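*Asks:* Pasting a structure below so you can have a look.
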Amino acid sequence: MHCHNTGSRKLPPSAPDDIKILLMGNPNVGKSVIFSKLTGMDVLTANYAGTTVSYTAGNVNYRSKSATLIDVPGTYSLEATSPAEQVAVNFLEEGANVIICVLDATNLERNLNLALQIKHKDVPIIYSLNLIDVAENKGISIDVEKLEEELGAPVIPTVATRNVGLKDLLDRAWEVALKEPVAIKPVQMSHDERWQEVGRIAEKVQVVEHRHPTFWDKLGDALVQPFPGLPLAIIILTLSMLFVVGGGQGLRALLLLPILDNYYIPAITSLVAYFIPEGILFNLLVGEYGVLIKGIEWPFFLILPYVTLFYVVMSFLEDSGYLPRLGILLDSLLRRIGMLGSNVVPMVMGYGCAVPAILGTRAANSQKQRLMITSLVALAVPCTAQSGAFIALLGDQSILALVFVYMVSFVAILIAGSILNRVIPGETDPMLMEVPNLLRPSVSALSQKIFIRIKQFLLEAEIPMVLGILFAAVLVETGLLLVIGDLLKPLVEGWLGLPKEASLALMLGIVRRELGVLPLLELELTTLQLIVGSLVALFYLPCVTVMAIIIKEFNLKLSIYVIGFTTIIAFTLAGLFNQVARLLGFQ
Amino acid sequence: MYLASYENNKPCIIENLPDINLLNSLGLRKGSKVSIKSRQFFGGPLVVQIGTRCVAIDKKIAEQIVIKEVH
């Protein structure tokens, strides 16, 4: 159904003599990067805490022995405070042949605190001292041999993003895992004792010399000052939007539409005409809603350019570590609607796709925050595919209409947020969040990430879209659409002021968000009708996949609420807008 | 004196702090040397530097962190 990692999957069946390796450590130290480098699997990574909210398992074959490597969500301590951290604690209790504990060299003390807690459990352990390149730039040097002595286990310096030290890491992991385990006596240490121990070790192994801050350090600091942080935030977000909208329109006008109109459509139409006589089958393939036309045009020529450019921007914002900084600036505003700054991350992800956004809420500490983000994303945050459809639909006729629809979306988030804040019991958590280093994203990591996301989008979108289009084609060709259109006439024509063929968008919109918009492209609508149609699609049901995720992460009841409320809000608001606009004399 | 009302960019030492596990894990403990890097309008969080790293702390929590000046 979807290929995001939802975590309820069972571990892949592994041979009993397989080595089981846990990758553990603080949040945002690079566990997922190490995991994807070692297993060659597609895992999304980012530069902030809480990217991995459930585990991912993969296989590593090395020295003719196979191992199951498990990427455990990051945790600051073994006292689980969020669902994602609980996963980590559970894994530790199940045990493993070896734990690779990843330490962030730029933040040794805090990482050692967790390292000592894990060390005191009865599992063999080795350490990966990651991010040593960033540490060096910051003037931090760590004596690896002394650290090994103190921890009583191998410590391997690594720069995971550049493959440095990873082979060494595997060598040592294999050695330790294949050795007869020596029983380790679990040690009990109080909080204070442990922190004293951490302080002592850090003092002994680490030298910090003062370095002049780099450009990125200075920029990182400036971005969390109200000035120039707020104006810069406005500039960054505006440029991001212009890049996606302008770039997408440009790509389509200059490159994609000429290919589609001049080459693809004539070629495929004559090819089909060569084999199949005109008639229903011909129309199903290359007619008004022909699967070979719309099934290619909509996903590839219409949506894909925007999706690609959106993920370019989003991946850059994620890997640079900008999003948590935006969260700090927006915290006091978000607090008015019951959310906190760190919720910016899943909300922004929602503009990509609601599925990872909802899964990402597992890193939030309270159920209230999870419910709020999930409801808001499901109601009023268009996913990137739907945004692409909006831009294609409205951008050509009226940029103002496009801006208006997004303004409505923002206002709706604010209003719905403050209502939900009163309805959902519980307090908003105080904000307490690590600010990641601002880093220049690596081009190879960025391109890999963008590639994974585009692949995911196409895998997820293509089949439902083709089925939706086939369904549309059947309705149109058999004349059933007219029958349904007549049935829905009071709603669609009377209340919403749309032509009755627009009922097709309502039916397809259940499957995927952008399909609630795309059929409107085929009708000749006035600007008012375009806005009304877009408003319906904006608030209308999220897609089938999202409903499934809501049932899985929460329960059936919440998903029924979401279906009910989104549908009612969509028809009420869009209809009211239409009626008022017409009373005021707009057409 | 409380952290929330201290000046920006001046080091201070934490004398006492509320019992929140995550604070400890993020490196804020009794005796930690910290300095405020930025504060936001309308009661937004403070960005506090500890060692080479920064942490965003809710103003309400910062109001409960007791500090003393470093001379």
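Residues are named by chain letter and number: chains run A, B, ... in the order of the structure tokens, numbers start at 1 in each chain, and ligands are numbered from 1 in the order shown.
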Compute the chain B side of the contact with chain A at 9 Å, counting only C-alpha atoms, and hand it back as an NGL selection string.

*Replies:* :B and (21-27 or 29 or 37-47 or 51-61)

*Asks:* DSSP says helix (DSSP H, G or I) for which residues of stretch 115-239 of chain A? Put them as a PyMOL selection string?

*Replies:* chain A and resi 115-119+132-137+144-151+160-162+166-178+191-205+215-222+226-239

*Asks:* For atom CA of B:Glu69 and atom CA of B:Cys12, quote the distance in Å rounded to one decimal.

*Replies:*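 Result for atom CA of B:Glu69 versus atom CA of B:Cys12: 4.7 Å, one decimal.
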
*Asks:* Hey, can you check how far atom CA of A:Val345 sits from atom CA of A:Ala49?

*Replies:*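 Taking atom CA of A:Val345 as the start and atom CA of A:Ala49 as the end point, the length is 10.0 Å.
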